[in-house]
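*Asks:* Take a look at the following structure, please.
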Amino acid sequence: MNFCPSCGAKLARRIPEGDHLPRFVCDGCQTIHYENPKLIAGCVPESGGRILLCRRAIEPRRGYWTVPAGFMENGETLQQAAARECHEEALARVGIEDPCAIVHVLHAHQVHVLFRATLADGSFGVGVESLEVALYDERDIPWPEIAFPSIEFTLRRYFEDRARGRRELHFTTFERPPRGG
Ligand SMILES: [Zn+2]
């Protein structure tokens with residue numbers, strides 16, 4: 001951030017009085033522009049025992065597989081965001097259920113919240129942000145081609161829980177990007 005979104009003046013980076021972290025501070029209008037983590041909402045859509053995966057048409061990780069997920073918008077709930085992303089990326093309607101994983105991605109300044117979900121009518125397609133969309137049996141999941149550690153974590157916990165007939169909420173933290181990622 002170089003210029004103030006409020007007044008256009010050049011911003012300084014310093015610790016404001018009474019604060020403990022450096023912030024972007026505007027000496028024109030005195031606004032302090034805080035930077036906070038962004039929320040990513042997504043789901044693991046299941047249909048007939050198989051999981052819907054999307055192959056990404058956009059960076060980062062173009063060509064790699066993920067479950068539908070994306071940035072939450074103002075004015076929507078986590079569940080609405082997860083359902084919307086699924087419709088955008090996989091042209092699929094889902095019933096969002098309970099949360100499966102909350103992943104702190106510290107290096108990306110993001111928190112990922114992934115829900116269990118069921119495909120409403122089994123239909124899906126290829127959204128504009130996807131190269132390909134497909135239903136996968138657990139044994140066929142392309143693990144080396146899963147786009148993000150948070151998604152791999154979520155899928156592994158999902159299948160473990162499913163095998164044991166339970167539904168837990170799992171937490172983890174990634175502090176730095178994966179090698180090559
Ligand atoms: Zn300003």
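Naming scheme: A, B, ... for chains in displayed order of the structure tokens; residues 1 onward per chain; ligands 1 onward as shown.
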Show me which residues are within 10 Å of ligand 1 counting only C-alpha atoms and all ligand atoms, and format the list as a PyMOL selection string.
*Replies:* chain A and resi 3-11+25-33
*Asks:* Can you spit out the residues from that selection as a compact mmCIF listing (two decimals), in the first residue's frame, using all heavy atoms?
*Replies:*
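And here is the file that came out, result23.txt:
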# COMPACT_ATOMS: atom_id res chain seq x y z
N PHE A 3 -0.41 4.62 -1.29
CA PHE A 3 -1.17 5.86 -1.15
C PHE A 3 -2.46 5.61 -0.37
O PHE A 3 -3.02 4.53 -0.41
CB PHE A 3 -1.47 6.46 -2.53
CG PHE A 3 -0.23 6.86 -3.28
CD1 PHE A 3 0.34 6.00 -4.21
CD2 PHE A 3 0.39 8.07 -3.01
CE1 PHE A 3 1.51 6.35 -4.87
CE2 PHE A 3 1.56 8.43 -3.67
CZ PHE A 3 2.13 7.57 -4.60
N CYS A 4 -2.91 6.63 0.33
CA CYS A 4 -4.08 6.51 1.19
C CYS A 4 -5.35 6.30 0.36
O CYS A 4 -5.67 7.13 -0.49
CB CYS A 4 -4.21 7.79 2.03
SG CYS A 4 -5.69 7.77 3.07
N PRO A 5 -6.09 5.20 0.60
CA PRO A 5 -7.35 4.98 -0.12
C PRO A 5 -8.40 6.03 0.22
O PRO A 5 -9.35 6.22 -0.53
CB PRO A 5 -7.82 3.60 0.37
CG PRO A 5 -6.62 2.97 0.99
CD PRO A 5 -5.78 4.09 1.51
N SER A 6 -8.23 6.73 1.34
CA SER A 6 -9.22 7.74 1.74
C SER A 6 -8.95 9.09 1.09
O SER A 6 -9.87 9.73 0.59
CB SER A 6 -9.21 7.91 3.26
OG SER A 6 -9.44 6.67 3.89
N CYS A 7 -7.67 9.54 1.09
CA CYS A 7 -7.40 10.91 0.62
C CYS A 7 -6.32 10.99 -0.46
O CYS A 7 -6.11 12.06 -1.04
CB CYS A 7 -7.02 11.81 1.80
SG CYS A 7 -5.33 11.56 2.38
N GLY A 8 -5.64 9.89 -0.75
CA GLY A 8 -4.66 9.88 -1.83
C GLY A 8 -3.27 10.32 -1.45
O GLY A 8 -2.35 10.28 -2.27
N ALA A 9 -3.07 10.73 -0.20
CA ALA A 9 -1.73 11.15 0.24
C ALA A 9 -0.81 9.94 0.35
O ALA A 9 -1.27 8.80 0.45
CB ALA A 9 -1.82 11.87 1.58
N LYS A 10 0.51 10.20 0.32
CA LYS A 10 1.46 9.09 0.46
C LYS A 10 1.41 8.55 1.90
O LYS A 10 1.30 9.32 2.85
CB LYS A 10 2.87 9.60 0.13
CG LYS A 10 3.84 8.47 -0.17
CD LYS A 10 5.08 9.02 -0.88
CE LYS A 10 6.14 7.95 -1.16
NZ LYS A 10 5.81 6.57 -0.92
N LEU A 11 1.49 7.24 2.02
CA LEU A 11 1.40 6.63 3.34
C LEU A 11 2.77 6.40 3.94
O LEU A 11 3.75 6.17 3.22
CB LEU A 11 0.68 5.28 3.23
CG LEU A 11 -0.81 5.33 2.87
CD1 LEU A 11 -1.33 3.92 2.60
CD2 LEU A 11 -1.62 5.99 3.99
N VAL A 25 0.13 4.47 7.88
CA VAL A 25 -0.47 5.63 8.52
C VAL A 25 -0.50 6.78 7.52
O VAL A 25 0.49 7.04 6.83
CB VAL A 25 0.36 6.05 9.76
CG1 VAL A 25 -0.24 7.27 10.42
CG2 VAL A 25 0.46 4.89 10.75
N CYS A 26 -1.64 7.46 7.44
CA CYS A 26 -1.77 8.61 6.54
C CYS A 26 -1.59 9.90 7.33
O CYS A 26 -2.34 10.17 8.27
CB CYS A 26 -3.13 8.62 5.86
SG CYS A 26 -3.34 10.05 4.78
N ASP A 27 -0.57 10.67 6.94
CA ASP A 27 -0.36 11.95 7.62
C ASP A 27 -1.25 13.04 7.03
O ASP A 27 -1.34 14.13 7.58
CB ASP A 27 1.12 12.35 7.53
CG ASP A 27 1.97 11.40 8.36
OD1 ASP A 27 1.59 11.10 9.51
OD2 ASP A 27 3.01 10.93 7.85
N GLY A 28 -1.93 12.73 5.90
CA GLY A 28 -2.88 13.68 5.32
C GLY A 28 -4.17 13.73 6.11
O GLY A 28 -4.58 14.78 6.60
N CYS A 29 -4.82 12.55 6.27
CA CYS A 29 -6.12 12.53 6.94
C CYS A 29 -6.08 11.79 8.28
O CYS A 29 -7.12 11.59 8.90
CB CYS A 29 -7.17 11.91 6.02
SG CYS A 29 -6.97 10.14 5.72
N GLN A 30 -4.88 11.36 8.69
CA GLN A 30 -4.67 10.72 10.01
C GLN A 30 -5.29 9.32 10.11
O GLN A 30 -5.40 8.76 11.19
CB GLN A 30 -5.20 11.59 11.18
CG GLN A 30 -4.78 13.05 11.14
CD GLN A 30 -3.28 13.23 11.04
OE1 GLN A 30 -2.52 12.51 11.68
NE2 GLN A 30 -2.82 14.17 10.22
N THR A 31 -5.73 8.76 8.98
CA THR A 31 -6.31 7.41 9.04
C THR A 31 -5.20 6.37 9.19
O THR A 31 -4.15 6.48 8.56
CB THR A 31 -7.10 7.12 7.74
OG1 THR A 31 -8.09 8.14 7.58
CG2 THR A 31 -7.78 5.76 7.80
N ILE A 32 -5.45 5.37 10.04
CA ILE A 32 -4.55 4.23 10.15
C ILE A 32 -5.19 3.08 9.36
O ILE A 32 -6.34 2.71 9.63
CB ILE A 32 -4.35 3.81 11.62
CG1 ILE A 32 -3.74 4.99 12.40
CG2 ILE A 32 -3.46 2.58 11.72
CD1 ILE A 32 -3.71 4.76 13.92
N HIS A 33 -4.46 2.58 8.37
CA HIS A 33 -5.00 1.51 7.53
C HIS A 33 -4.51 0.16 8.05
O HIS A 33 -3.40 -0.25 7.76
CB HIS A 33 -4.60 1.75 6.07
CG HIS A 33 -5.16 3.03 5.52
ND1 HIS A 33 -6.44 3.14 5.07
CD2 HIS A 33 -4.61 4.28 5.43
CE1 HIS A 33 -6.67 4.39 4.68
NE2 HIS A 33 -5.57 5.10 4.89
*Asks:* Near A:Leu155, within 12 Å and counting only C-alpha atoms, which residues show up once chain neighbours fewer than 6 positions away are dropped, as number ranges by chain?
*Replies:* A: 42-46, 50-53, 65-67, 100-101, 114-116, 136-139, 141-143, 146-149, 161-162, 170
*Asks:* Could you work out how far atom CA of A:Ile15 lies from atom CA of A:Met1, giving the answer in Å with one decimal?
*Replies:*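 Between these atoms lies a distance of 15.5 Å.
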*Asks:* Tell me, in Å to one decimal, how far atom CA of A:Ser150 is from atom CA of A:Leu131.
*Replies:*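 Computing the Euclidean distance for atom CA of A:Ser150 and atom CA of A:Leu131 yields 20.6 Å.
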*Asks:* Would you compute the distance between atom CA of A:Arg84 and atom CA of A:Phe171? Give it in Å to one decimal.
*Replies:*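 Taking atom CA of A:Arg84 as the start and atom CA of A:Phe171 as the end point, the length is 23.3 Å.
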*Asks:* Using only C-alpha atoms, which of A:Ala120, A:Ala108, A:Ala81, A:Val126 sits nearest A:Val94?
*Replies:*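 Smallest separation from A:Val94 among the options: A:Ala120.
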*Asks:* Near A:Pro22, within 10 Å and counting only C-alpha atoms, which residues show up once chain neighbours fewer than 3 positions away are dropped, as a list in words?
*Replies:*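 The filter keeps Ala12, Arg13, Arg14, Ile15, Pro16, Asp19, Val25 and Tyr34 of chain A.
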*Asks:* Assign secondary structure with DSSP using the backbone only, and return the residues of chain A in helix (DSSP H, G or I) as a PyMOL selection string.
*Replies:* chain A and resi 78-90+106-108+138-140+143-145+149-164
*Asks:* Next, dump the selected residues to file, keeping only N, CA and C atoms, as an mmCIF file, in the first residue's frame.
*Replies:*
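What ended up in part34.cif:
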data_model
loop_
_atom_site.group_PDB
_atom_site.id
_atom_site.type_symbol
_atom_site.label_atom_id
_atom_site.label_comp_id
_atom_site.auth_asym_id
_atom_site.auth_seq_id
_atom_site.Cartn_x
_atom_site.Cartn_y
_atom_site.Cartn_z
ATOM 1 N N LEU A 78 -20.355 -17.407 6.182
ATOM 2 C CA LEU A 78 -19.376 -18.394 5.710
ATOM 3 C C LEU A 78 -20.058 -19.459 4.854
ATOM 4 N N GLN A 79 -21.237 -19.902 5.297
ATOM 5 C CA GLN A 79 -21.938 -20.955 4.547
ATOM 6 C C GLN A 79 -22.383 -20.444 3.178
ATOM 7 N N GLN A 80 -22.880 -19.202 3.139
ATOM 8 C CA GLN A 80 -23.288 -18.631 1.850
ATOM 9 C C GLN A 80 -22.089 -18.477 0.923
ATOM 10 N N ALA A 81 -20.963 -18.058 1.477
ATOM 11 C CA ALA A 81 -19.753 -17.892 0.671
ATOM 12 C C ALA A 81 -19.306 -19.242 0.107
ATOM 13 N N ALA A 82 -19.337 -20.270 0.940
ATOM 14 C CA ALA A 82 -18.914 -21.603 0.494
ATOM 15 C C ALA A 82 -19.823 -22.108 -0.621
ATOM 16 N N ALA A 83 -21.140 -21.909 -0.462
ATOM 17 C CA ALA A 83 -22.094 -22.360 -1.486
ATOM 18 C C ALA A 83 -21.916 -21.563 -2.773
ATOM 19 N N ARG A 84 -21.705 -20.262 -2.639
ATOM 20 C CA ARG A 84 -21.522 -19.415 -3.826
ATOM 21 C C ARG A 84 -20.280 -19.825 -4.605
ATOM 22 N N GLU A 85 -19.180 -20.058 -3.888
ATOM 23 C CA GLU A 85 -17.941 -20.461 -4.564
ATOM 24 C C GLU A 85 -18.140 -21.776 -5.313
ATOM 25 N N CYS A 86 -18.897 -22.678 -4.719
ATOM 26 C CA CYS A 86 -19.142 -23.972 -5.360
ATOM 27 C C CYS A 86 -19.949 -23.777 -6.643
ATOM 28 N N HIS A 87 -20.884 -22.841 -6.589
ATOM 29 C CA HIS A 87 -21.677 -22.585 -7.793
ATOM 30 C C HIS A 87 -20.838 -21.918 -8.871
ATOM 31 N N GLU A 88 -19.953 -20.986 -8.462
ATOM 32 C CA GLU A 88 -19.119 -20.281 -9.446
ATOM 33 C C GLU A 88 -18.096 -21.206 -10.103
ATOM 34 N N GLU A 89 -17.463 -22.041 -9.278
ATOM 35 C CA GLU A 89 -16.347 -22.842 -9.788
ATOM 36 C C GLU A 89 -16.786 -24.167 -10.395
ATOM 37 N N ALA A 90 -17.931 -24.695 -9.914
ATOM 38 C CA ALA A 90 -18.341 -26.032 -10.358
ATOM 39 C C ALA A 90 -19.796 -26.067 -10.825
ATOM 40 N N LEU A 106 -0.784 -18.674 7.924
ATOM 41 C CA LEU A 106 -0.182 -17.444 8.456
ATOM 42 C C LEU A 106 0.600 -16.685 7.400
ATOM 43 N N HIS A 107 1.351 -17.422 6.553
ATOM 44 C CA HIS A 107 2.205 -16.744 5.568
ATOM 45 C C HIS A 107 1.392 -16.006 4.512
ATOM 46 N N ALA A 108 0.151 -16.477 4.267
ATOM 47 C CA ALA A 108 -0.697 -15.832 3.247
ATOM 48 C C ALA A 108 -1.683 -14.845 3.866
ATOM 49 N N GLU A 138 -12.466 -41.755 -3.140
ATOM 50 C CA GLU A 138 -11.327 -41.499 -2.246
ATOM 51 C C GLU A 138 -10.035 -42.106 -2.794
ATOM 52 N N ARG A 139 -10.099 -43.323 -3.314
ATOM 53 C CA ARG A 139 -8.871 -43.992 -3.771
ATOM 54 C C ARG A 139 -8.273 -43.333 -5.009
ATOM 55 N N ASP A 140 -9.035 -42.486 -5.696
ATOM 56 C CA ASP A 140 -8.548 -41.860 -6.926
ATOM 57 C C ASP A 140 -8.140 -40.393 -6.754
ATOM 58 N N TRP A 143 -3.598 -36.887 -5.019
ATOM 59 C CA TRP A 143 -2.936 -36.202 -3.886
ATOM 60 C C TRP A 143 -1.751 -35.333 -4.286
ATOM 61 N N PRO A 144 -0.857 -35.806 -5.165
ATOM 62 C CA PRO A 144 0.290 -34.932 -5.518
ATOM 63 C C PRO A 144 -0.128 -33.690 -6.290
ATOM 64 N N GLU A 145 -1.340 -33.682 -6.809
ATOM 65 C CA GLU A 145 -1.795 -32.540 -7.601
ATOM 66 C C GLU A 145 -2.840 -31.704 -6.873
ATOM 67 N N PRO A 149 -1.889 -26.969 0.726
ATOM 68 C CA PRO A 149 -1.819 -27.803 1.935
ATOM 69 C C PRO A 149 -3.105 -27.767 2.761
ATOM 70 N N SER A 150 -3.786 -26.621 2.784
ATOM 71 C CA SER A 150 -5.020 -26.539 3.578
ATOM 72 C C SER A 150 -6.085 -27.480 3.014
ATOM 73 N N ILE A 151 -6.096 -27.633 1.698
ATOM 74 C CA ILE A 151 -7.091 -28.500 1.055
ATOM 75 C C ILE A 151 -6.717 -29.964 1.268
ATOM 76 N N GLU A 152 -5.434 -30.267 1.173
ATOM 77 C CA GLU A 152 -5.021 -31.652 1.453
ATOM 78 C C GLU A 152 -5.356 -32.022 2.900
ATOM 79 N N PHE A 153 -5.047 -31.119 3.825
ATOM 80 C CA PHE A 153 -5.366 -31.356 5.239
ATOM 81 C C PHE A 153 -6.855 -31.639 5.412
ATOM 82 N N THR A 154 -7.685 -30.799 4.797
ATOM 83 C CA THR A 154 -9.138 -30.939 4.936
ATOM 84 C C THR A 154 -9.629 -32.271 4.365
ATOM 85 N N LEU A 155 -9.151 -32.616 3.175
ATOM 86 C CA LEU A 155 -9.603 -33.864 2.550
ATOM 87 C C LEU A 155 -9.178 -35.085 3.364
ATOM 88 N N ARG A 156 -7.952 -35.048 3.885
ATOM 89 C CA ARG A 156 -7.485 -36.218 4.666
ATOM 90 C C ARG A 156 -8.310 -36.377 5.943
ATOM 91 N N ARG A 157 -8.577 -35.271 6.626
ATOM 92 C CA ARG A 157 -9.401 -35.358 7.844
ATOM 93 C C ARG A 157 -10.827 -35.786 7.482
ATOM 94 N N TYR A 158 -11.327 -35.301 6.362
ATOM 95 C CA TYR A 158 -12.677 -35.639 5.912
ATOM 96 C C TYR A 158 -12.817 -37.147 5.730
ATOM 97 N N PHE A 159 -11.860 -37.739 5.022
ATOM 98 C CA PHE A 159 -11.946 -39.179 4.753
ATOM 99 C C PHE A 159 -11.726 -39.991 6.034
ATOM 100 N N GLU A 160 -10.820 -39.551 6.898
ATOM 101 C CA GLU A 160 -10.614 -40.249 8.180
ATOM 102 C C GLU A 160 -11.900 -40.252 8.997
ATOM 103 N N ASP A 161 -12.535 -39.091 9.081
ATOM 104 C CA ASP A 161 -13.779 -38.989 9.847
ATOM 105 C C ASP A 161 -14.863 -39.872 9.236
ATOM 106 N N ARG A 162 -14.950 -39.826 7.919
ATOM 107 C CA ARG A 162 -15.998 -40.587 7.240
ATOM 108 C C ARG A 162 -15.810 -42.084 7.492
ATOM 109 N N ALA A 163 -14.551 -42.530 7.451
ATOM 110 C CA ALA A 163 -14.276 -43.954 7.669
ATOM 111 C C ALA A 163 -14.676 -44.376 9.074
ATOM 112 N N ARG A 164 -14.581 -43.450 10.029
ATOM 113 C CA ARG A 164 -14.884 -43.770 11.425
ATOM 114 C C ARG A 164 -16.309 -43.379 11.814
#
*Asks:* Per DSSP on the backbone, what are the strand (DSSP E) residues of chain A, as a PyMOL selection string?
*Replies:* chain A and resi 11-14+23-26+32-33+38-47+50-56+65-66+69-71+94-105+110-119+130-136+170-174
*Asks:* Show me, as number ranges by chain, the residues that have an atom within 9 Å of A:Pro37 when counting only C-alpha atoms, minus same-chain residues fewer than 2 positions from it.
*Replies:* A: 35, 39, 106, 108-111
*Asks:* Could you tell me which of A:Val113, A:Val105, A:Met72, A:Leu119 comes closest to A:Arg93 if we count only C-alpha atoms?
*Replies:*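 Going through A:Val113, A:Val105, A:Met72, A:Leu119 one by one, the smallest distance to A:Arg93 is for A:Leu119.
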*Asks:* Of the candidates A:Gly95, A:Cys54, A:His104, A:Ala41, which one gets nearest to A:Pro177 if we count only C-alpha atoms?
*Replies:*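 Checking each of A:Gly95, A:Cys54, A:His104, A:Ala41 against A:Pro177, counting only C-alpha atoms, the winner is A:His104.
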